[in-house]
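Dropping data26.txt in here (compact mmCIF, N, CA and C atoms):
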# COMPACT_ATOMS: atom_id res chain seq x y z
N MET Q 195 3.17 2.07 -13.95
CA MET Q 195 3.48 2.44 -12.59
C MET Q 195 2.36 2.01 -11.65
N LEU Q 196 1.13 2.25 -12.04
CA LEU Q 196 -0.01 1.91 -11.19
C LEU Q 196 -0.11 0.40 -10.99
N MET Q 197 -0.11 -0.34 -12.08
CA MET Q 197 -0.24 -1.81 -11.97
C MET Q 197 0.98 -2.44 -11.30
N GLY Q 198 2.16 -1.90 -11.58
CA GLY Q 198 3.36 -2.43 -10.94
C GLY Q 198 3.32 -2.24 -9.44
N ASN Q 199 2.89 -1.06 -8.99
CA ASN Q 199 2.79 -0.80 -7.56
C ASN Q 199 1.77 -1.71 -6.90
N ILE Q 200 0.63 -1.87 -7.54
CA ILE Q 200 -0.42 -2.71 -6.97
C ILE Q 200 0.06 -4.16 -6.86
N THR Q 201 0.70 -4.66 -7.90
CA THR Q 201 1.18 -6.04 -7.92
C THR Q 201 2.27 -6.27 -6.89
N VAL Q 202 3.27 -5.40 -6.88
CA VAL Q 202 4.38 -5.55 -5.93
C VAL Q 202 3.89 -5.43 -4.49
N THR Q 203 2.98 -4.50 -4.25
CA THR Q 203 2.45 -4.32 -2.90
C THR Q 203 1.71 -5.57 -2.43
N ALA Q 204 0.92 -6.17 -3.30
CA ALA Q 204 0.20 -7.38 -2.93
C ALA Q 204 1.16 -8.53 -2.61
N ILE Q 205 2.17 -8.70 -3.42
CA ILE Q 205 3.15 -9.77 -3.19
C ILE Q 205 3.93 -9.50 -1.91
N TRP Q 206 4.35 -8.27 -1.72
CA TRP Q 206 5.09 -7.86 -0.54
C TRP Q 206 4.29 -8.13 0.73
N LYS Q 207 3.02 -7.73 0.73
CA LYS Q 207 2.14 -7.93 1.89
C LYS Q 207 1.90 -9.42 2.13
N TYR Q 208 1.73 -10.18 1.08
CA TYR Q 208 1.50 -11.62 1.22
C TYR Q 208 2.68 -12.29 1.93
N PHE Q 209 3.89 -12.00 1.49
CA PHE Q 209 5.06 -12.63 2.10
C PHE Q 209 5.31 -12.11 3.51
N ALA Q 210 5.02 -10.86 3.78
CA ALA Q 210 5.16 -10.35 5.15
C ALA Q 210 4.17 -11.05 6.08
N ASP Q 211 2.94 -11.24 5.63
CA ASP Q 211 1.93 -11.91 6.44
C ASP Q 211 2.33 -13.36 6.73
N ARG Q 212 2.98 -14.00 5.80
CA ARG Q 212 3.39 -15.40 5.99
C ARG Q 212 4.43 -15.55 7.09
N THR Q 213 5.23 -14.52 7.35
CA THR Q 213 6.26 -14.63 8.39
C THR Q 213 5.65 -14.68 9.78
N GLN Q 214 4.50 -14.06 9.96
CA GLN Q 214 3.82 -13.95 11.25
C GLN Q 214 4.71 -13.32 12.32
N GLN Q 215 5.66 -12.50 11.90
CA GLN Q 215 6.53 -11.77 12.83
C GLN Q 215 6.01 -10.35 12.95
N PRO Q 216 5.68 -9.93 14.16
CA PRO Q 216 5.09 -8.60 14.34
C PRO Q 216 5.93 -7.46 13.78
N GLU Q 217 7.26 -7.56 13.92
CA GLU Q 217 8.11 -6.47 13.42
C GLU Q 217 8.07 -6.39 11.90
N VAL Q 218 8.01 -7.54 11.24
CA VAL Q 218 7.93 -7.56 9.78
C VAL Q 218 6.56 -7.08 9.32
N LEU Q 219 5.51 -7.53 10.00
CA LEU Q 219 4.15 -7.11 9.66
C LEU Q 219 3.97 -5.61 9.82
N ALA Q 220 4.46 -5.06 10.93
CA ALA Q 220 4.31 -3.62 11.18
C ALA Q 220 5.05 -2.81 10.13
N PHE Q 221 6.28 -3.22 9.82
CA PHE Q 221 7.07 -2.50 8.84
C PHE Q 221 6.43 -2.60 7.45
N ALA Q 222 6.02 -3.80 7.06
CA ALA Q 222 5.43 -3.99 5.73
C ALA Q 222 4.13 -3.22 5.59
N GLN Q 223 3.29 -3.26 6.61
CA GLN Q 223 2.01 -2.57 6.51
C GLN Q 223 2.20 -1.06 6.46
N LYS Q 224 3.17 -0.56 7.21
CA LYS Q 224 3.47 0.88 7.16
C LYS Q 224 3.89 1.28 5.76
N LEU Q 225 4.75 0.49 5.14
CA LEU Q 225 5.22 0.82 3.80
C LEU Q 225 4.16 0.59 2.73
N VAL Q 226 3.28 -0.40 2.93
CA VAL Q 226 2.17 -0.60 2.00
C VAL Q 226 1.30 0.65 1.97
N THR Q 227 0.97 1.17 3.15
CA THR Q 227 0.15 2.37 3.22
C THR Q 227 0.88 3.56 2.61
N TYR Q 228 2.15 3.70 2.92
CA TYR Q 228 2.94 4.81 2.39
C TYR Q 228 3.05 4.75 0.85
N THR Q 229 3.40 3.59 0.33
CA THR Q 229 3.56 3.49 -1.13
C THR Q 229 2.22 3.62 -1.85
N ASP Q 230 1.15 3.20 -1.18
CA ASP Q 230 -0.16 3.34 -1.79
C ASP Q 230 -0.47 4.81 -2.02
N TRP Q 231 -0.18 5.64 -1.04
CA TRP Q 231 -0.45 7.07 -1.21
C TRP Q 231 0.57 7.74 -2.12
N SER Q 232 1.84 7.37 -2.00
CA SER Q 232 2.86 8.09 -2.75
C SER Q 232 2.97 7.63 -4.21
N MET Q 233 2.70 6.37 -4.48
CA MET Q 233 2.87 5.88 -5.85
C MET Q 233 1.56 5.63 -6.57
N THR Q 234 0.58 5.08 -5.89
CA THR Q 234 -0.69 4.79 -6.56
C THR Q 234 -1.37 6.08 -7.00
N VAL Q 235 -1.32 7.09 -6.16
CA VAL Q 235 -1.95 8.37 -6.53
C VAL Q 235 -1.30 8.92 -7.79
N TRP Q 236 0.04 8.88 -7.87
CA TRP Q 236 0.72 9.38 -9.07
C TRP Q 236 0.44 8.49 -10.28
N GLY Q 237 0.32 7.19 -10.06
CA GLY Q 237 -0.04 6.30 -11.15
C GLY Q 237 -1.41 6.63 -11.72
N VAL Q 238 -2.35 6.94 -10.83
CA VAL Q 238 -3.69 7.32 -11.27
C VAL Q 238 -3.64 8.63 -12.05
N VAL Q 239 -2.89 9.59 -11.54
CA VAL Q 239 -2.76 10.88 -12.22
C VAL Q 239 -2.16 10.70 -13.62
N LEU Q 240 -1.10 9.91 -13.71
CA LEU Q 240 -0.48 9.67 -15.02
C LEU Q 240 -1.41 8.92 -15.97
N LEU Q 241 -2.13 7.95 -15.45
CA LEU Q 241 -3.07 7.19 -16.27
C LEU Q 241 -4.19 8.07 -16.79
N MET Q 242 -4.77 8.86 -15.91
CA MET Q 242 -5.84 9.76 -16.33
C MET Q 242 -5.32 10.82 -17.30
N GLY Q 243 -4.18 11.41 -16.96
CA GLY Q 243 -3.61 12.45 -17.83
C GLY Q 243 -3.31 11.91 -19.22
N GLY Q 244 -2.71 10.72 -19.29
CA GLY Q 244 -2.41 10.12 -20.58
C GLY Q 244 -3.67 9.80 -21.36
N GLY Q 245 -4.67 9.30 -20.67
CA GLY Q 245 -5.94 8.97 -21.33
C GLY Q 245 -6.63 10.20 -21.90
N TYR Q 246 -6.74 11.24 -21.08
CA TYR Q 246 -7.38 12.47 -21.56
C TYR Q 246 -6.55 13.14 -22.64
N PHE Q 247 -5.24 13.04 -22.55
CA PHE Q 247 -4.36 13.60 -23.58
C PHE Q 247 -4.63 12.91 -24.93
N MET Q 248 -4.73 11.57 -24.92
CA MET Q 248 -5.00 10.83 -26.17
C MET Q 248 -6.38 11.14 -26.72
N ILE Q 249 -7.37 11.25 -25.82
CA ILE Q 249 -8.73 11.56 -26.26
C ILE Q 249 -8.77 12.95 -26.90
N PHE Q 250 -8.07 13.89 -26.29
CA PHE Q 250 -8.03 15.25 -26.82
C PHE Q 250 -7.43 15.28 -28.22
N PHE Q 251 -6.31 14.58 -28.42
CA PHE Q 251 -5.66 14.61 -29.73
C PHE Q 251 -6.38 13.74 -30.76
N ALA Q 252 -7.14 12.76 -30.32
CA ALA Q 252 -7.95 11.97 -31.25
C ALA Q 252 -9.25 12.69 -31.59
N ASN Q 253 -9.54 13.74 -30.83
CA ASN Q 253 -10.75 14.54 -31.03
C ASN Q 253 -12.02 13.70 -30.87
N TRP Q 254 -12.02 12.84 -29.85
CA TRP Q 254 -13.20 12.04 -29.54
C TRP Q 254 -13.99 12.72 -28.43
N PRO Q 255 -15.30 12.63 -28.49
CA PRO Q 255 -16.10 13.20 -27.40
C PRO Q 255 -16.04 12.27 -26.17
N LEU Q 256 -15.97 12.87 -25.00
CA LEU Q 256 -15.91 12.09 -23.76
C LEU Q 256 -17.20 11.34 -23.49
N THR Q 257 -18.25 11.67 -24.24
CA THR Q 257 -19.53 11.02 -24.03
C THR Q 257 -19.74 9.79 -24.90
N GLN Q 258 -18.71 9.39 -25.67
CA GLN Q 258 -18.83 8.13 -26.41
C GLN Q 258 -19.09 7.02 -25.40
N HIS Q 259 -19.90 6.05 -25.80
CA HIS Q 259 -20.35 5.00 -24.89
C HIS Q 259 -19.20 4.37 -24.10
N TRP Q 260 -18.18 3.89 -24.80
CA TRP Q 260 -17.11 3.18 -24.11
C TRP Q 260 -16.23 4.12 -23.28
N LEU Q 261 -16.06 5.36 -23.71
CA LEU Q 261 -15.29 6.32 -22.94
C LEU Q 261 -16.04 6.76 -21.68
N LEU Q 262 -17.32 6.96 -21.82
CA LEU Q 262 -18.13 7.35 -20.68
C LEU Q 262 -18.12 6.26 -19.61
N TRP Q 263 -18.33 5.01 -20.02
CA TRP Q 263 -18.34 3.90 -19.06
C TRP Q 263 -16.97 3.66 -18.44
N SER Q 264 -15.92 3.84 -19.21
CA SER Q 264 -14.58 3.64 -18.63
C SER Q 264 -14.29 4.71 -17.58
N GLN Q 265 -14.75 5.93 -17.79
CA GLN Q 265 -14.58 6.98 -16.79
C GLN Q 265 -15.40 6.69 -15.54
N ILE Q 266 -16.62 6.24 -15.73
CA ILE Q 266 -17.48 5.92 -14.58
C ILE Q 266 -16.87 4.78 -13.76
N LEU Q 267 -16.41 3.74 -14.43
CA LEU Q 267 -15.80 2.60 -13.72
C LEU Q 267 -14.49 2.99 -13.05
N PHE Q 268 -13.72 3.87 -13.67
CA PHE Q 268 -12.47 4.34 -13.08
C PHE Q 268 -12.75 5.11 -11.79
N VAL Q 269 -13.75 5.97 -11.82
CA VAL Q 269 -14.14 6.73 -10.62
C VAL Q 269 -14.68 5.77 -9.55
N ALA Q 270 -15.47 4.78 -9.95
CA ALA Q 270 -16.00 3.81 -8.98
C ALA Q 270 -14.86 3.04 -8.32
N ALA Q 271 -13.86 2.62 -9.10
CA ALA Q 271 -12.71 1.91 -8.53
C ALA Q 271 -11.95 2.81 -7.57
N GLY Q 272 -11.81 4.08 -7.91
CA GLY Q 272 -11.13 5.03 -7.03
C GLY Q 272 -11.88 5.24 -5.73
N LEU Q 273 -13.21 5.30 -5.80
CA LEU Q 273 -14.01 5.45 -4.59
C LEU Q 273 -13.91 4.22 -3.70
N ILE Q 274 -13.92 3.04 -4.30
CA ILE Q 274 -13.76 1.81 -3.52
C ILE Q 274 -12.40 1.81 -2.82
N TRP Q 275 -11.35 2.20 -3.56
CA TRP Q 275 -10.01 2.27 -2.96
C TRP Q 275 -9.99 3.25 -1.79
N LEU Q 276 -10.55 4.44 -2.02
CA LEU Q 276 -10.49 5.49 -1.01
C LEU Q 276 -11.39 5.21 0.20
N LEU Q 277 -12.58 4.71 -0.03
CA LEU Q 277 -13.55 4.54 1.06
C LEU Q 277 -13.50 3.17 1.74
N VAL Q 278 -12.94 2.17 1.07
CA VAL Q 278 -12.90 0.83 1.65
C VAL Q 278 -11.48 0.38 1.95
N LEU Q 279 -10.62 0.38 0.94
CA LEU Q 279 -9.29 -0.19 1.11
C LEU Q 279 -8.36 0.66 1.97
N VAL Q 280 -8.38 1.96 1.81
CA VAL Q 280 -7.50 2.83 2.60
C VAL Q 280 -7.82 2.72 4.09
N PRO Q 281 -9.10 2.79 4.52
CA PRO Q 281 -9.37 2.61 5.95
C PRO Q 281 -8.93 1.24 6.48
N ILE Q 282 -9.05 0.20 5.67
CA ILE Q 282 -8.59 -1.12 6.08
C ILE Q 282 -7.08 -1.11 6.26
N GLN Q 283 -6.36 -0.49 5.35
CA GLN Q 283 -4.90 -0.41 5.46
C GLN Q 283 -4.48 0.36 6.70
N ILE Q 284 -5.15 1.45 6.98
CA ILE Q 284 -4.82 2.24 8.16
C ILE Q 284 -5.08 1.42 9.43
N ARG Q 285 -6.20 0.72 9.46
CA ARG Q 285 -6.52 -0.13 10.61
C ARG Q 285 -5.49 -1.24 10.77
N GLN Q 286 -5.08 -1.87 9.66
CA GLN Q 286 -4.07 -2.92 9.73
C GLN Q 286 -2.74 -2.38 10.23
N ALA Q 287 -2.36 -1.18 9.79
CA ALA Q 287 -1.10 -0.59 10.25
C ALA Q 287 -1.15 -0.32 11.75
N ARG Q 288 -2.27 0.17 12.24
CA ARG Q 288 -2.41 0.43 13.68
C ARG Q 288 -2.36 -0.87 14.47
N LEU Q 289 -3.05 -1.89 13.99
CA LEU Q 289 -3.04 -3.18 14.69
C LEU Q 289 -1.64 -3.80 14.70
N ALA Q 290 -0.94 -3.69 13.59
CA ALA Q 290 0.42 -4.24 13.53
C ALA Q 290 1.34 -3.49 14.49
N ALA Q 291 1.19 -2.17 14.59
CA ALA Q 291 2.01 -1.39 15.51
C ALA Q 291 1.69 -1.74 16.96
N ILE Q 292 0.42 -1.93 17.26
CA ILE Q 292 0.02 -2.34 18.62
C ILE Q 292 0.59 -3.71 18.96
N LEU Q 293 0.50 -4.64 18.02
CA LEU Q 293 1.04 -5.97 18.24
C LEU Q 293 2.55 -5.92 18.47
N LEU Q 294 3.24 -5.10 17.69
CA LEU Q 294 4.68 -4.95 17.87
C LEU Q 294 5.00 -4.37 19.24
N MET Q 295 4.26 -3.36 19.66
CA MET Q 295 4.50 -2.78 20.98
C MET Q 295 4.24 -3.79 22.09
N MET Q 296 3.19 -4.61 21.93
CA MET Q 296 2.90 -5.64 22.93
C MET Q 296 4.02 -6.67 22.98
N MET Q 297 4.54 -7.02 21.82
CA MET Q 297 5.64 -7.98 21.77
C MET Q 297 6.89 -7.40 22.42
N LEU Q 298 7.16 -6.14 22.21
CA LEU Q 298 8.32 -5.49 22.80
C LEU Q 298 8.20 -5.42 24.32
N GLU Q 299 6.98 -5.16 24.81
CA GLU Q 299 6.75 -5.07 26.25
C GLU Q 299 6.90 -6.42 26.94
N THR Q 300 6.50 -7.50 26.26
CA THR Q 300 6.55 -8.82 26.88
C THR Q 300 7.82 -9.58 26.57
N ASN Q 301 8.71 -9.01 25.77
CA ASN Q 301 9.94 -9.68 25.39
C ASN Q 301 10.87 -9.75 26.60
N THR Q 302 11.35 -10.96 26.90
CA THR Q 302 12.21 -11.14 28.07
C THR Q 302 13.66 -11.36 27.70
N ASP Q 303 13.94 -11.80 26.47
CA ASP Q 303 15.34 -12.07 26.13
C ASP Q 303 16.03 -10.91 25.43
N ASN Q 304 15.30 -9.83 25.20
CA ASN Q 304 15.84 -8.60 24.62
C ASN Q 304 16.42 -8.77 23.22
N SER Q 305 16.23 -9.90 22.56
CA SER Q 305 16.79 -10.06 21.21
C SER Q 305 16.08 -9.15 20.22
N LEU Q 306 14.77 -9.00 20.37
CA LEU Q 306 14.03 -8.14 19.46
C LEU Q 306 14.36 -6.68 19.70
N THR Q 307 14.39 -6.27 20.96
CA THR Q 307 14.67 -4.86 21.26
C THR Q 307 16.10 -4.51 20.92
N ALA Q 308 17.01 -5.46 21.06
CA ALA Q 308 18.40 -5.19 20.68
C ALA Q 308 18.50 -4.97 19.18
N GLY Q 309 17.76 -5.76 18.40
CA GLY Q 309 17.76 -5.60 16.95
C GLY Q 309 17.18 -4.27 16.53
N LEU Q 310 16.16 -3.81 17.24
CA LEU Q 310 15.55 -2.53 16.89
C LEU Q 310 16.41 -1.35 17.30
N SER Q 311 17.27 -1.54 18.28
CA SER Q 311 18.10 -0.41 18.73
C SER Q 311 19.38 -0.29 17.92
N GLY Q 312 19.64 -1.24 17.02
CA GLY Q 312 20.80 -1.13 16.15
C GLY Q 312 21.94 -2.04 16.53
N ASP Q 313 21.76 -2.94 17.50
CA ASP Q 313 22.81 -3.88 17.89
C ASP Q 313 22.96 -4.91 16.78
N SER Q 314 24.11 -4.92 16.13
CA SER Q 314 24.31 -5.79 14.98
C SER Q 314 24.46 -7.26 15.35
N SER Q 315 24.64 -7.58 16.62
CA SER Q 315 24.77 -8.98 17.03
C SER Q 315 23.42 -9.64 17.24
N ALA Q 316 22.34 -8.86 17.21
CA ALA Q 316 21.00 -9.42 17.42
C ALA Q 316 20.54 -10.12 16.14
N PRO Q 317 19.63 -11.12 16.29
CA PRO Q 317 19.16 -11.86 15.11
C PRO Q 317 18.35 -11.02 14.15
N PHE Q 318 17.64 -10.01 14.64
CA PHE Q 318 16.86 -9.13 13.76
C PHE Q 318 17.53 -7.78 13.77
N HIS Q 319 17.93 -7.34 12.60
CA HIS Q 319 18.64 -6.07 12.52
C HIS Q 319 17.94 -5.15 11.53
N CYS Q 320 17.60 -3.95 11.95
CA CYS Q 320 16.94 -2.98 11.07
C CYS Q 320 17.95 -2.20 10.27
Turn the structure described in the file into structure tokens.
Amino acid sequence: MLMGNITVTAIWKYFADRTQQPEVLAFAQKLVTYTDWSMTVWGVVLLMGGGYFMIFFANWPLTQHWLLWSQILFVAAGLIWLLVLVPIQIRQARLAAILLMMMLETNTDNSLTAGLSGDSSAPFHC
């Protein structure tokens, strides 16, 4: 679950960025941030729970060299995600929303705003 979410999110964001369309970028970035919190957190919980469950039943001490270092590196990766990547994602989501609002304000042919309001004849339909 954890690796699948990370991989799909990266591919999803890559293709959204390639479109260079503010509405696609804003939507994709919002969902990247949402899925990161809703799925990555649960993936981490399941991964840790499964790991500790196996260690408990194998009756291994958590201080074994390789187990100790894997826990330290796992915590370090989590801190990097929380302190570096999450703020970047939040900033990207805000910038994408601002860009979308600017595009909506300067739009003169109303094709984008019609698509956002639910008009099925518009080229972009939500």
One decimal place gives the atom CA of Leu219 of chain Q-atom CA of Leu276 of chain Q separation as 22.1 Å
Note to self: Just want the 7 Å neighbourhood of segment 234-238 of chain Q, counted on only N, CA and C atoms, with same-chain residues fewer than 6 positions away dropped. Output as a PyMOL selection string.
What the structure shows: chain Q and resi 195-197+199-200
Problem - Filtered DSSP result for segment 198-309 of chain Q, state alpha helix (DSSP H), as a ChimeraX atom specification - result: /Q:198-213,216-229,235-252,259-274,280-300,305-309
Residue with the minimum atom-to-atom distance to Gln215 of chain Q, picked from Q:Leu298, Q:Phe250, Q:Leu273, Q:Leu279 with only C-alpha atoms counted, is Q:Leu298
Write out as a ChimeraX atom specification which residues come within 8 Å of Lys224 of chain Q when counting all atoms listed in the file, dropping same-chain ones fewer than 4 positions away.
-> /Q:218-220,228-230,283,286-288,290-291
**Asked** What's the 10 Å shell around segment 204-211 of chain Q, counting only C-alpha atoms, without same-chain residues fewer than 6 positions away, as an NGL selection string?
**Response** :Q and (198 or 217-223 or 225-226)
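In this model, the gap between atom N of Trp231 of chain Q and atom CA of Val280 of chain Q comes to 8.6 Å.
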